[in-house]
Protein chains: 4
Amino acid sequence: MTTVRVGVNGFGTIGKRVAAAIAKQPDMTLVGVAKTHPSFEAREALRSGYRLYVTGTGDLAAFDRVGLRTAGRVEEMLHDVDVVVDAAPDKVGQENLHLYQEAGVRAVFQGGEKSDVAEVSFNALANYAAAKGHRTVRVVSCNTTGLARAASVLTTRWEVDHWEATIVRRAADPAETKRGPLNGIIPTLQIPSHHGHDVNSILPQLHITTTAVVVPTTLMHVHVNNVRFRTGPKDAAELVEALRGTARFHVFARWEGIQGTPQVMEFARDRGLGRSDMMENVLWEEGVRVDGRTATFFQAIHQESVVIPEVVDAIRAMFDLAPDAAHSIAMTDRALGIPPPP
Amino acid sequence: MTTVRVGVNGFGTIGKRVAAAIAKQPDMTLVGVAKTHPSFEAREALRSGYRLYVTGTGDLAAFDRVGLRTAGRVEEMLHDVDVVVDAAPDKVGQENLHLYQEAGVRAVFQGGEKSDVAEVSFNALANYAAAKGHRTVRVVSCNTTGLARAASVLTTRWEVDHWEATIVRRAADPAETKRGPLNGIIPTLQIPSHHGHDVNSILPQLHITTTAVVVPTTLMHVHVNNVRFRTGPKDAAELVEALRGTARFHVFARWEGIQGTPQVMEFARDRGLGRSDMMENVLWEEGVRVDGRTATFFQAIHQESVVIPEVVDAIRAMFDLAPDAAHSIAMTDRALGIPPPP
Amino acid sequence: MTTVRVGVNGFGTIGKRVAAAIAKQPDMTLVGVAKTHPSFEAREALRSGYRLYVTGTGDLAAFDRVGLRTAGRVEEMLHDVDVVVDAAPDKVGQENLHLYQEAGVRAVFQGGEKSDVAEVSFNALANYAAAKGHRTVRVVSCNTTGLARAASVLTTRWEVDHWEATIVRRAADPAETKRGPLNGIIPTLQIPSHHGHDVNSILPQLHITTTAVVVPTTLMHVHVNNVRFRTGPKDAAELVEALRGTARFHVFARWEGIQGTPQVMEFARDRGLGRSDMMENVLWEEGVRVDGRTATFFQAIHQESVVIPEVVDAIRAMFDLAPDAAHSIAMTDRALGIPPPP
Amino acid sequence: MTTVRVGVNGFGTIGKRVAAAIAKQPDMTLVGVAKTHPSFEAREALRSGYRLYVTGTGDLAAFDRVGLRTAGRVEEMLHDVDVVVDAAPDKVGQENLHLYQEAGVRAVFQGGEKSDVAEVSFNALANYAAAKGHRTVRVVSCNTTGLARAASVLTTRWEVDHWEATIVRRAADPAETKRGPLNGIIPTLQIPSHHGHDVNSILPQLHITTTAVVVPTTLMHVHVNNVRFRTGPKDAAELVEALRGTARFHVFARWEGIQGTPQVMEFARDRGLGRSDMMENVLWEEGVRVDGRTATFFQAIHQESVVIPEVVDAIRAMFDLAPDAAHSIAMTDRALGIPPPP
C-alpha cells in the first residue's frame, strides 16, 4: 500500500506527539522531524528512530557539536514528504507557510495560528468532510477541539439554542517553567473569550459564548458548560449515554474515585498510551445535570494531547484515505490505543 | 452613649477580623475573644488589648503554661455580652447554639453553618431589615455574600430573568498548609453547587444557578457571572456605574494594571486597611460586557474578609442601632476605612 | 525455570509499580495484587491481567457491586505466594506483619515502616548481600534510597569524612489532592531529619547529617549534597564519571536543557518506561563541584518510582536468585528498560 | 531639626516600602517618588500624599491621561534631594548612576546591582561604620542581608570556621504573575551560588559557601544554615538567646504554631506593621541545633521587606546622623514598629 509521507516541523509538546502518532498509522509514513535547537528532546527523537532535521533559526553545527546526527535542514525534509505538520510555536506557522508552498507540499497547522492560515479549520467529529482535498488545514486548539467534539454530539441529536462555557485554563504546560501565576486567578478580561469564535470556524451555526480564567495548574483545562436546548435530552442519563457512546469521550463513574484533573492524569499514566496522555474529552457521570431544557456539565481537556488524533484525521481527510469520519476516527484510535465506545 | 457589648467566640481567620472590626465601631464594645488553643494568634489578641477567654475543648492551663493571661472560660465572656459572634469552624456554631441560649445572649453565626442555625440569613445590601429584632442571625458565606451584593444592585435597578455563576474557588486560606490540591482543578460535581441555594436564603425570588470548581490558590475566589435580564442595563458602562456607585464595590480601571487576584491583593496590601484585606466585591471595568439582554462580568471575592462588614451590620440590625441599611453600611465602612462610593 | 511467586498487598503509588515491575522479571511470577477499595486503579489492575484480591478493611461486595471481579481476600493470595511485597500505607505494614507470618510467606516492606519491621534494611547498591536468605526485608524510602546509592558510589571509591544533605521535599504525590501547602515552605524542624539515621540502617559507618524542607510541588525531591572527603575525587569530572558509570544514575549534560524537575519529568514521559517514571538518581553535569576535599552536588529523586527496582532486587537477594548485586541490578534494569551505564 | 531630604526612584516592591519607611523617620524627609508608568501603585502613592515624578522611559502625558497629577520628571526630584534611593529593577540602577552624579546627589542602590555600582556594600549589623561619609552605598539583597545579619551575630560572639547555607528561594513575589515554575524545583546549577560571594562584600573574612534552589512559592526564602565553629555556643539555647537578643531577629516558640512561611506571613498580617511585612530574620526555637562544634538552623527571610530598615540605616550612616549602628537601628526600628529585643 502506498502511504502518505509526513514530516513534522517543530518538536515540542505537539510535534513530538504528532510524530509518535503518525509513526503508528498503517497508511502514513513518518519521514522525519525538524527541531530548532539540540536538547534532550532531540536526542529522544533520534533514539526513537526518527530522522532529525534542523528548522527555523537553528544551526546544524550546534547539533553536531553535541553529537546529534541530523539529516539536513527542514527544506530537505519537505522535499521528501507529501504533507507537513507544522508544530511550530504560535504564530510561527504563519511565517512557515511560504516554505511549504515553495516546496509544493500540503500542510496541517495548529490552533495557535489564526484561522486564515489555512483553507479550512478542522475537527474530525465536527467537520471531517470539509477538509477533503484541501491543501492546507488548521486543526483547532485544544479547548476548541474539546468544545467542538461535545457540540457535535449534542447538535447531532438535539436542537441547541445557546451554549455558554466557562473555560478554566491551565497556566502552563508541565515543563514550561517560566510561566505563572504561582498563586492567583487571572480572568481573561476580553469577554467573550476567543474560544467561542473559534468553535464557529468549524461549527458556524452554533450559538456559543465563552469566558475564560487562568489558574495555577499545569495538568488540564476544565470546561463548565451550560447548554440551553430547544429540544434536548430528557435527563442526564440520556446525555451521558450519548457522550459515552461517542469515540473520544471518556466518562468516569463515581466509584472510580476521580476527584479532579490530578486523578484523571493518574489514570492516564496507569493506562499507558504514552506520555500520560488523555486524548479524549473527560467527563464525570455525576458531573452532568439536565434540568428541563438546560444541561450543565464539566469536561476536562488535556491540553497536550487532545488534538493529536485530530491531526491524524486531518491528514486522512486531505488525502481522502478513508470513506468518512467514522472510519478515520476508528483507524486512528485503534492505532493509538484509544478505546472505542463501549 | 450605651454601646452593644460584643464577644467573639473563635479567633481564626474570621474571628480575629470581626474582633478588630467591632473594636472600631462607635456603637459597639468588644468585651473579649475566645480561643481554643494558645498560639501566635492568641498572643496577638492580648497584644491588641483584647480580653482572652478559653473556648471549646481548650484548657486554661495550656495558656498559663506559655504565659498567656486568660480571663476565664467562654461562659464568663458570655455573661458580660449582649451578643456573641460565633466564629467557630464550620458546623461547630450549631453545637455552640445551646451555650448562647443558656447564657441568654443573642448570636451571629457564619455562613459555614446551615441556614437553620439562625432565625434569618443576612446580607446588608440584600435584606438588612430582615434581621431587625432577631435573636439569632446567620451572615452568609463569602461567595454567597459576593453574589448577594451583586444581585441586590442588579435586581433593584433591573428585572433579572436568570443568573448563572461559575465560582472558581480558592482551595485554602493562606495559612492553611494542609489543604490541596497542589496542582490540578477539582470540579464540585454536585450541580448546581450549594451557593445558589444559599443566595436564595436571603433573596428568595432570584432565579440563580451556580457551579463551582476548586483551584490551587489561596488568594481570592473569582465569579464568572452570566445574567439574563428581562429588562436590563443598556450597556456595560451603565452596569459598571451602578456597581461602582454602590458601597462595597471596587471597580478597577484598565490602566491600573490589575491582571488578576495577585494584583488585587497587592492593592489591598498597599491600601492598608489591615491584614491586606479587601472587603469589597472587586470588578474590572473591562471585564464587564452587556450584549442585548445578557450581562457577563467577573468579580473577585476575598474569602477572608468580605463578610466582616456584614457581621457588623448584622449586629446593628439586630439591635436596631441604625435607621436603615444605608446608614449602617456607611457607619461600618467609615469605621473600617472602606471608601464610600465616588 | 521455577520462578518466585510474588503477591503485592496494596495497590497505590508503590504497589502498582511493583506489580508491573515483577510481571516483567524472568525469574518471578506475579500472583496477584490486593486492594482495599474499588477505584479506577482496581479496574486498571484487572485490565492489566492481574488477579485482584481484597485487603485491609475492604469488602468483597463493594467490588462486586461495581462489576470488578475479585479472586478472594488477601489471605487467599498469600496462600499462593512465596513472598509478599507489602505496599500498604505507612505504618500499616507493621500491622500486616502477623498476616504474613501466619501464612508462612516472606515479606518485603517499604521505607514508610520503621526499620525494626524487618530483619534487614536494604538498598541494592549499598548492601545487597545483607538480605540474602532473610525472611523479611525493608526497602528504604525514596530519599534514603537516593542518598544510599550516591553514598555507595562515593564510599566505594574514596574516603568520606562527613556527608551533609539538605532534602527539598515534594509536598504530595501528583494525585494526592488533599495535601498542602499551596504556597509556602515548611521546614522539618526536627534537626537532623530522620533520613540520615535511615541511611545508617544500611550504611552504618557513614557519618551523615540531613535536614529537610517541604515545598509545594508534586514532582520530585531534590537533594543538595555537601560531602567532605578525607581522600576524594580530584575534580568534578572524576566524580561525574564515577556516578555516570554506575547503574541507576542518570547525568544530564548542559545542552540537554534540563532546568529542573519539570524537565526531568518531561524527559521521563518521552522516554516511556511507564507512568513517566524515572527510577535513577538524576544529576546535572554542571551541578557538580569539587573544591579541594569538598564535593557539592544536586540530585533529583522521583519519589514514586525510585525504589521499584530495589524491591525487585530485594526479592532476588532474599531467594538468592543472582550471584551478586551487579547481576541482579543488570537483570532488573534490563527487564524494566533502565539503560545500563554507558 | 534639619532633616536629610530623600527621593525614591522606582516604586515597585522595594521602592514603595522604602518611601513609607523614610516618611516615618524623624531625621529624614521624603521629597517624592518616581515611577515609570501609571498604575494602581502610582495612585496609591498620591493617596499617601507623596509627590509623584516620572522616571525612566515613562511619559508625563500617560499619567495626565488617567488623571494622576505628577510633579515633573525624576530630574526635578533629584534637584530637591540630598540622597536618592534607587529602587529600579535589577541592573537599571547601574544605568541610573550617571543621573545621580550629574545631579550631585548621593545614592543608595539595591542588591540587584553588582557590588561595583557603589563605593561600599552595606548591612547595618555587619558593617554600619563602613558607609560613613560615602556618596554611594549598596544595600545587599534580601538573602545576603539575612545571611549577613546572622553571621554578624555569630562571628561577634564566636569563632566561625566555615558557614554553609542552602537557600530555598521563592520563585516570584506575590504580584509577579508571569514567573514560574508552577510545579517543580529548579536548582541553581552554578555552585556555589552568588550569595556567599555577596556576603563577602560586607564580611570579607567569613568563609561561606552557598547553594540555592528555586521553589514554587511567593512568600519567603528559607535558609538552611550549617555553621562549623572553632569555638562556638555550648548549646542551642545559647545560640537562640544570642539571636533573640539582637535587633531584627524574631524567634518563634514551639507553642506558637508556626509550621512554616505561610504562618509567618499570617503573623505578619496580624501584627500589622504594613503590607504584611516581616523585616526581621525569622527563626524557630526548635529549628536550631548545636552538636559539638556545629550549629544547624533554619531562618526565613521575607524578600519584599527585609532590606527596608537597612536602607534607612544606610542613609543615616552616609550622613552620619547617628553615633553608631546600635543607635541607628534602634531609631529605625522604633519608627517602623519593629519590636526591640526582649
# chains A, B, ... in the order shown; residues from 1 in each chain; ligands from 1
>>> closest_atom_pairs(of="chain D", to="chain C", cutoff="7 Å", atoms="only C-alpha atoms", output="CSV")
residue,atom,partner,partner_atom,distance
D:Asn183,CA,C:Thr217,CA,5.0
D:Gly184,CA,C:Thr217,CA,5.3
D:Ile185,CA,C:Thr261,CA,5.5
D:Ile186,CA,C:Gly260,CA,4.2
D:Pro187,CA,C:Gly260,CA,6.1
D:Leu189,CA,C:Gly287,CA,4.6
D:Gln190,CA,C:Gly287,CA,6.5
D:Ile191,CA,C:Arg289,CA,6.4
D:Val215,CA,C:Val215,CA,6.7
D:Pro216,CA,C:Pro216,CA,6.2
D:Thr217,CA,C:Asn183,CA,5.0
D:Thr218,CA,C:Asn183,CA,6.8
D:Leu219,CA,C:Gly184,CA,5.9
D:Gln259,CA,C:Ile186,CA,6.1
D:Gly260,CA,C:Ile186,CA,4.2
D:Thr261,CA,C:Gly184,CA,5.4
D:Pro262,CA,C:Gly184,CA,5.4
D:Glu286,CA,C:Leu189,CA,6.1
D:Gly287,CA,C:Leu189,CA,4.6
D:Arg289,CA,C:Ile191,CA,6.4
>>> select_by_dssp(residues="region 11-124 of chain A", states="strand (DSSP E or B)", output="VMD selection string")
chain A and resid 28 to 35 52 to 54 73 83 to 86 106 to 109 120 to 122
>>> select_by_dssp(residues="region 25-79 of chain C", states="helix (DSSP H, G or I)", output="PyMOL selection string")
chain C and resi 40-47+60-65+74-79
>>> closest_residue(among="B:Lys16, B:Arg157, B:His327, B:Arg47", to="Ala242 (chain B)", atoms="only C-alpha atoms")
B:Arg157
>>> residues_around(residues="region 158-160 of chain C", least_positions_apart="2", cutoff="9 Å", atoms="only C-alpha atoms", output="list in words")
Ala151, Val153, Leu154, Thr155, Thr156, His162, Trp163, Leu206, His207, Val227, Arg228, Phe229, Arg230, Thr231, Gly232 and Pro233 of chain C
>>> write_last_selection(atoms="all heavy atoms", output="compact mmCIF listing (two decimals), in the first residue's frame")
# COMPACT_ATOMS: atom_id res chain seq x y z
N ALA C 151 25.91 7.50 48.14
CA ALA C 151 26.94 7.23 49.15
C ALA C 151 27.70 5.96 48.82
O ALA C 151 28.92 5.86 49.04
CB ALA C 151 26.30 7.14 50.53
N VAL C 153 28.44 4.80 45.88
CA VAL C 153 29.41 5.10 44.83
C VAL C 153 30.62 5.82 45.43
O VAL C 153 31.78 5.47 45.16
CB VAL C 153 28.78 5.99 43.73
CG1 VAL C 153 29.83 6.38 42.70
CG2 VAL C 153 27.63 5.25 43.06
N LEU C 154 30.36 6.79 46.27
CA LEU C 154 31.46 7.61 46.78
C LEU C 154 32.30 6.87 47.82
O LEU C 154 33.53 6.95 47.80
CB LEU C 154 30.92 8.93 47.35
CG LEU C 154 30.80 10.06 46.32
CD1 LEU C 154 29.89 9.70 45.16
CD2 LEU C 154 30.33 11.35 46.96
N THR C 155 31.63 6.14 48.70
CA THR C 155 32.40 5.46 49.75
C THR C 155 33.18 4.27 49.19
O THR C 155 34.17 3.86 49.78
CB THR C 155 31.49 4.98 50.90
OG1 THR C 155 30.50 4.12 50.36
CG2 THR C 155 30.83 6.15 51.61
N THR C 156 32.73 3.74 48.09
CA THR C 156 33.47 2.63 47.47
C THR C 156 34.79 3.11 46.89
O THR C 156 35.79 2.39 46.92
CB THR C 156 32.60 2.01 46.36
OG1 THR C 156 31.38 1.56 46.92
CG2 THR C 156 33.32 0.83 45.71
N HIS C 162 32.54 13.22 56.03
CA HIS C 162 31.23 13.64 56.53
C HIS C 162 30.35 14.04 55.35
O HIS C 162 30.80 14.68 54.43
CB HIS C 162 31.38 14.83 57.48
CG HIS C 162 30.09 15.19 58.14
ND1 HIS C 162 29.70 16.47 58.36
CD2 HIS C 162 29.10 14.41 58.61
CE1 HIS C 162 28.51 16.47 58.94
NE2 HIS C 162 28.13 15.23 59.10
N TRP C 163 29.09 13.64 55.44
CA TRP C 163 28.12 13.93 54.38
C TRP C 163 27.01 14.77 54.98
O TRP C 163 26.42 14.38 55.99
CB TRP C 163 27.56 12.61 53.85
CG TRP C 163 26.73 12.66 52.61
CD1 TRP C 163 25.57 13.32 52.41
CD2 TRP C 163 27.02 11.98 51.40
NE1 TRP C 163 25.12 13.10 51.15
CE2 TRP C 163 25.98 12.27 50.50
CE3 TRP C 163 28.05 11.15 50.97
CZ2 TRP C 163 25.94 11.76 49.19
CZ3 TRP C 163 28.00 10.63 49.69
CH2 TRP C 163 26.97 10.93 48.80
N LEU C 206 28.68 5.36 57.68
CA LEU C 206 28.69 6.70 57.08
C LEU C 206 28.34 7.76 58.11
O LEU C 206 27.34 7.65 58.83
CB LEU C 206 27.70 6.76 55.91
CG LEU C 206 27.71 8.06 55.11
CD1 LEU C 206 29.02 8.20 54.32
CD2 LEU C 206 26.51 8.12 54.17
N HIS C 207 29.13 8.81 58.16
CA HIS C 207 28.84 9.95 59.01
C HIS C 207 27.99 10.92 58.17
O HIS C 207 28.52 11.62 57.33
CB HIS C 207 30.15 10.59 59.47
CG HIS C 207 29.95 11.70 60.47
ND1 HIS C 207 30.95 12.58 60.84
CD2 HIS C 207 28.86 12.07 61.17
CE1 HIS C 207 30.48 13.45 61.70
NE2 HIS C 207 29.21 13.16 61.92
N VAL C 227 29.71 16.97 50.58
CA VAL C 227 30.48 15.82 51.06
C VAL C 227 31.92 16.26 51.32
O VAL C 227 32.58 16.81 50.43
CB VAL C 227 30.45 14.68 50.03
CG1 VAL C 227 31.17 13.45 50.60
CG2 VAL C 227 29.02 14.34 49.63
N ARG C 228 32.34 16.04 52.54
CA ARG C 228 33.73 16.31 52.90
C ARG C 228 34.48 14.96 52.84
O ARG C 228 34.05 13.98 53.45
CB ARG C 228 33.78 16.87 54.34
CG ARG C 228 35.13 17.33 54.84
CD ARG C 228 35.58 18.65 54.22
NE ARG C 228 34.61 19.72 54.36
CZ ARG C 228 34.73 20.74 55.23
NH1 ARG C 228 35.81 20.84 55.99
NH2 ARG C 228 33.80 21.66 55.31
N PHE C 229 35.56 14.94 52.07
CA PHE C 229 36.34 13.70 51.94
C PHE C 229 37.61 13.76 52.78
O PHE C 229 38.17 14.84 52.99
CB PHE C 229 36.79 13.51 50.48
CG PHE C 229 35.66 13.21 49.52
CD1 PHE C 229 35.08 14.23 48.78
CD2 PHE C 229 35.21 11.91 49.35
CE1 PHE C 229 34.06 13.96 47.88
CE2 PHE C 229 34.19 11.64 48.44
CZ PHE C 229 33.61 12.66 47.71
N ARG C 230 38.07 12.60 53.17
CA ARG C 230 39.45 12.51 53.64
C ARG C 230 40.33 12.36 52.40
O ARG C 230 41.29 13.08 52.23
CB ARG C 230 39.62 11.36 54.63
CG ARG C 230 39.14 11.76 56.06
CD ARG C 230 39.51 10.75 57.10
NE ARG C 230 38.73 9.53 56.92
CZ ARG C 230 37.53 9.30 57.50
NH1 ARG C 230 37.01 10.20 58.31
NH2 ARG C 230 36.89 8.18 57.29
N THR C 231 39.97 11.42 51.54
CA THR C 231 40.59 11.38 50.21
C THR C 231 39.44 11.28 49.22
O THR C 231 38.56 10.42 49.35
CB THR C 231 41.50 10.15 50.02
OG1 THR C 231 40.71 8.98 50.20
CG2 THR C 231 42.65 10.17 51.02
N GLY C 232 39.45 12.17 48.24
CA GLY C 232 38.29 12.25 47.35
C GLY C 232 38.66 12.39 45.89
O GLY C 232 39.83 12.27 45.52
N PRO C 233 37.67 12.65 45.06
CA PRO C 233 37.91 12.82 43.63
C PRO C 233 38.74 14.07 43.38
O PRO C 233 38.63 15.05 44.11
CB PRO C 233 36.51 12.97 43.05
CG PRO C 233 35.66 13.45 44.18
CD PRO C 233 36.25 12.86 45.41
>>> atom_distance(atom1="CA of Val137 (chain C)", atom2="CA of Asp116 (chain C)")
9.8 Å
>>> residues_around(residues="Ser276 (chain A)", least_positions_apart="2", cutoff="12 Å", atoms="only C-alpha atoms", output="ChimeraX atom specification")
/A:17,174,219-220,262-274,278-279,302-306 /C:265-266,268-277
>>> write_last_selection(atoms="N, CA, C and O atoms", output="CSV table (one decimal), in the first residue's frame")
chain,number,residue,atom,x,y,z
A,17,ARG,N,4.4,14.5,19.9
A,17,ARG,CA,3.2,13.6,20.0
A,17,ARG,C,2.7,13.3,18.6
A,17,ARG,O,2.3,12.1,18.3
A,174,PRO,N,3.4,21.3,31.7
A,174,PRO,CA,4.2,20.8,32.8
A,174,PRO,C,5.7,21.2,32.8
A,174,PRO,O,6.3,21.5,33.8
A,219,LEU,N,-2.0,20.8,34.6
A,219,LEU,CA,-2.4,19.5,34.1
A,219,LEU,C,-3.5,19.5,33.0
A,219,LEU,O,-3.3,18.8,32.1
A,220,MET,N,-4.6,20.1,33.1
A,220,MET,CA,-5.6,20.1,32.1
A,220,MET,C,-6.5,21.3,32.3
A,220,MET,O,-6.5,22.0,33.3
A,262,PRO,N,-6.1,15.9,38.7
A,262,PRO,CA,-4.9,15.1,39.1
A,262,PRO,C,-5.1,13.6,39.0
A,262,PRO,O,-4.3,12.9,38.6
A,263,GLN,N,-6.3,13.2,39.3
A,263,GLN,CA,-6.6,11.7,39.2
A,263,GLN,C,-6.9,11.3,37.8
A,263,GLN,O,-6.6,10.2,37.4
A,264,VAL,N,-7.4,12.2,37.0
A,264,VAL,CA,-7.5,11.9,35.5
A,264,VAL,C,-6.1,11.6,34.9
A,264,VAL,O,-5.9,10.7,34.2
A,265,MET,N,-5.2,12.5,35.3
A,265,MET,CA,-3.8,12.3,34.8
A,265,MET,C,-3.2,11.0,35.3
A,265,MET,O,-2.4,10.4,34.7
A,266,GLU,N,-3.6,10.7,36.6
A,266,GLU,CA,-3.0,9.4,37.2
A,266,GLU,C,-3.6,8.2,36.4
A,266,GLU,O,-2.9,7.3,36.1
A,267,PHE,N,-4.9,8.3,36.1
A,267,PHE,CA,-5.5,7.3,35.2
A,267,PHE,C,-4.7,7.2,33.9
A,267,PHE,O,-4.4,6.1,33.5
A,268,ALA,N,-4.4,8.3,33.3
A,268,ALA,CA,-3.7,8.3,32.0
A,268,ALA,C,-2.4,7.7,32.2
A,268,ALA,O,-1.9,6.9,31.3
A,269,ARG,N,-1.7,8.0,33.3
A,269,ARG,CA,-0.4,7.3,33.5
A,269,ARG,C,-0.5,5.8,33.6
A,269,ARG,O,0.3,5.1,33.1
A,270,ASP,N,-1.5,5.4,34.3
A,270,ASP,CA,-1.7,4.0,34.5
A,270,ASP,C,-2.1,3.3,33.2
A,270,ASP,O,-1.7,2.2,32.9
A,271,ARG,N,-3.0,3.9,32.4
A,271,ARG,CA,-3.5,3.3,31.2
A,271,ARG,C,-2.3,3.2,30.2
A,271,ARG,O,-2.3,2.2,29.5
A,272,GLY,N,-1.4,4.1,30.1
A,272,GLY,CA,-0.2,3.9,29.4
A,272,GLY,C,-0.2,4.1,27.9
A,272,GLY,O,0.4,3.3,27.2
A,273,LEU,N,-1.0,5.0,27.4
A,273,LEU,CA,-1.0,5.2,25.9
A,273,LEU,C,0.3,6.0,25.5
A,273,LEU,O,0.4,6.3,24.3
A,274,GLY,N,1.1,6.4,26.4
A,274,GLY,CA,2.3,7.2,26.1
A,274,GLY,C,2.2,8.6,26.6
A,274,GLY,O,1.2,9.2,26.5
A,278,MET,N,-4.1,11.8,27.5
A,278,MET,CA,-5.5,11.5,27.7
A,278,MET,C,-6.2,12.3,26.5
A,278,MET,O,-6.4,13.5,26.6
A,279,MET,N,-6.3,11.6,25.4
A,279,MET,CA,-6.7,12.2,24.2
A,279,MET,C,-8.2,12.4,24.0
A,279,MET,O,-8.7,13.1,23.1
A,302,HIS,N,-7.1,17.6,28.1
A,302,HIS,CA,-5.7,17.5,28.3
A,302,HIS,C,-5.0,18.3,27.2
A,302,HIS,O,-5.0,17.8,26.0
A,303,GLN,N,-4.6,19.5,27.5
A,303,GLN,CA,-4.1,20.4,26.5
A,303,GLN,C,-2.9,19.9,25.7
A,303,GLN,O,-2.8,20.3,24.5
A,304,GLU,N,-2.2,18.9,26.2
A,304,GLU,CA,-1.0,18.5,25.4
A,304,GLU,C,-1.4,17.5,24.3
A,304,GLU,O,-0.6,17.3,23.4
A,305,SER,N,-2.5,16.8,24.5
A,305,SER,CA,-2.7,15.6,23.6
A,305,SER,C,-4.0,15.5,22.9
A,305,SER,O,-4.2,14.7,22.0
A,306,VAL,N,-4.9,16.4,23.3
A,306,VAL,CA,-6.3,16.2,22.8
A,306,VAL,C,-6.4,16.4,21.3
A,306,VAL,O,-7.2,15.8,20.6
C,265,MET,N,11.0,15.3,34.5
C,265,MET,CA,9.8,14.5,34.3
C,265,MET,C,9.3,14.5,32.9
C,265,MET,O,8.8,13.5,32.4
C,266,GLU,N,9.6,15.6,32.1
C,266,GLU,CA,9.2,15.6,30.7
C,266,GLU,C,10.1,14.6,30.0
C,266,GLU,O,9.6,13.8,29.1
C,268,ALA,N,11.3,11.9,31.3
C,268,ALA,CA,10.8,10.6,31.6
C,268,ALA,C,9.5,10.2,30.8
C,268,ALA,O,9.4,9.1,30.4
C,269,ARG,N,8.7,11.2,30.6
C,269,ARG,CA,7.5,10.9,29.8
C,269,ARG,C,7.9,10.6,28.4
C,269,ARG,O,7.3,9.7,27.8
C,270,ASP,N,8.9,11.3,27.8
C,270,ASP,CA,9.3,11.0,26.5
C,270,ASP,C,10.0,9.6,26.4
C,270,ASP,O,9.8,8.9,25.4
C,271,ARG,N,10.8,9.3,27.4
C,271,ARG,CA,11.5,8.0,27.4
C,271,ARG,C,10.6,6.8,27.4
C,271,ARG,O,10.8,5.8,26.7
C,272,GLY,N,9.5,7.0,28.2
C,272,GLY,CA,8.5,6.0,28.1
C,272,GLY,C,8.7,4.7,28.8
C,272,GLY,O,8.2,3.6,28.3
C,273,LEU,N,9.3,4.7,30.0
C,273,LEU,CA,9.4,3.4,30.7
C,273,LEU,C,8.1,3.0,31.4
C,273,LEU,O,8.1,2.0,32.1
C,274,GLY,N,7.1,3.9,31.4
C,274,GLY,CA,5.9,3.6,32.0
C,274,GLY,C,5.6,4.6,33.1
C,274,GLY,O,6.5,4.9,33.9
C,275,ARG,N,4.4,5.1,33.1
C,275,ARG,CA,3.9,6.1,34.2
C,275,ARG,C,4.9,7.3,34.3
C,275,ARG,O,4.9,7.9,35.4
C,276,SER,N,5.6,7.6,33.3
C,276,SER,CA,6.5,8.8,33.4
C,276,SER,C,7.6,8.6,34.5
C,276,SER,O,8.0,9.5,35.2
C,277,ASP,N,8.0,7.4,34.7
C,277,ASP,CA,8.9,7.1,35.9
C,277,ASP,C,10.3,7.4,35.5
C,277,ASP,O,10.8,7.2,34.4
>>> residues_around(residues="Met318 (chain B)", least_positions_apart="5", cutoff="6 Å", atoms="only C-alpha atoms", output="PyMOL selection string")
chain B and resi 131-134
>>> atom_distance(atom1="CA of Ile301 (chain B)", atom2="CA of Glu176 (chain B)")
18.0 Å
>>> decode(residues="region 261-272 of chain A", atoms="N, CA and C atoms", output="mmCIF file, in the first residue's frame")
data_model
loop_
_atom_site.group_PDB
_atom_site.id
_atom_site.type_symbol
_atom_site.label_atom_id
_atom_site.label_comp_id
_atom_site.auth_asym_id
_atom_site.auth_seq_id
_atom_site.Cartn_x
_atom_site.Cartn_y
_atom_site.Cartn_z
ATOM 1 N N THR A 261 -8.693 16.807 38.020
ATOM 2 C CA THR A 261 -7.708 16.553 36.970
ATOM 3 C C THR A 261 -6.478 15.782 37.466
ATOM 4 N N PRO A 262 -6.055 15.908 38.724
ATOM 5 C CA PRO A 262 -4.893 15.104 39.136
ATOM 6 C C PRO A 262 -5.145 13.598 38.998
ATOM 7 N N GLN A 263 -6.348 13.160 39.341
ATOM 8 C CA GLN A 263 -6.632 11.729 39.216
ATOM 9 C C GLN A 263 -6.878 11.327 37.764
ATOM 10 N N VAL A 264 -7.388 12.239 36.952
ATOM 11 C CA VAL A 264 -7.516 11.919 35.521
ATOM 12 C C VAL A 264 -6.134 11.646 34.946
ATOM 13 N N MET A 265 -5.178 12.492 35.296
ATOM 14 C CA MET A 265 -3.824 12.307 34.782
ATOM 15 C C MET A 265 -3.196 11.033 35.349
ATOM 16 N N GLU A 266 -3.551 10.690 36.596
ATOM 17 C CA GLU A 266 -3.041 9.445 37.179
ATOM 18 C C GLU A 266 -3.611 8.244 36.406
ATOM 19 N N PHE A 267 -4.877 8.329 36.086
ATOM 20 C CA PHE A 267 -5.485 7.277 35.249
ATOM 21 C C PHE A 267 -4.734 7.155 33.929
ATOM 22 N N ALA A 268 -4.427 8.308 33.335
ATOM 23 C CA ALA A 268 -3.743 8.290 32.034
ATOM 24 C C ALA A 268 -2.351 7.671 32.159
ATOM 25 N N ARG A 269 -1.678 7.965 33.263
ATOM 26 C CA ARG A 269 -0.358 7.339 33.470
ATOM 27 C C ARG A 269 -0.498 5.824 33.600
ATOM 28 N N ASP A 270 -1.523 5.391 34.314
ATOM 29 C CA ASP A 270 -1.718 3.957 34.502
ATOM 30 C C ASP A 270 -2.118 3.281 33.193
ATOM 31 N N ARG A 271 -2.959 3.937 32.429
ATOM 32 C CA ARG A 271 -3.451 3.338 31.192
ATOM 33 C C ARG A 271 -2.322 3.151 30.195
ATOM 34 N N GLY A 272 -1.429 4.141 30.137
ATOM 35 C CA GLY A 272 -0.191 3.911 29.401
ATOM 36 C C GLY A 272 -0.242 4.054 27.896
#
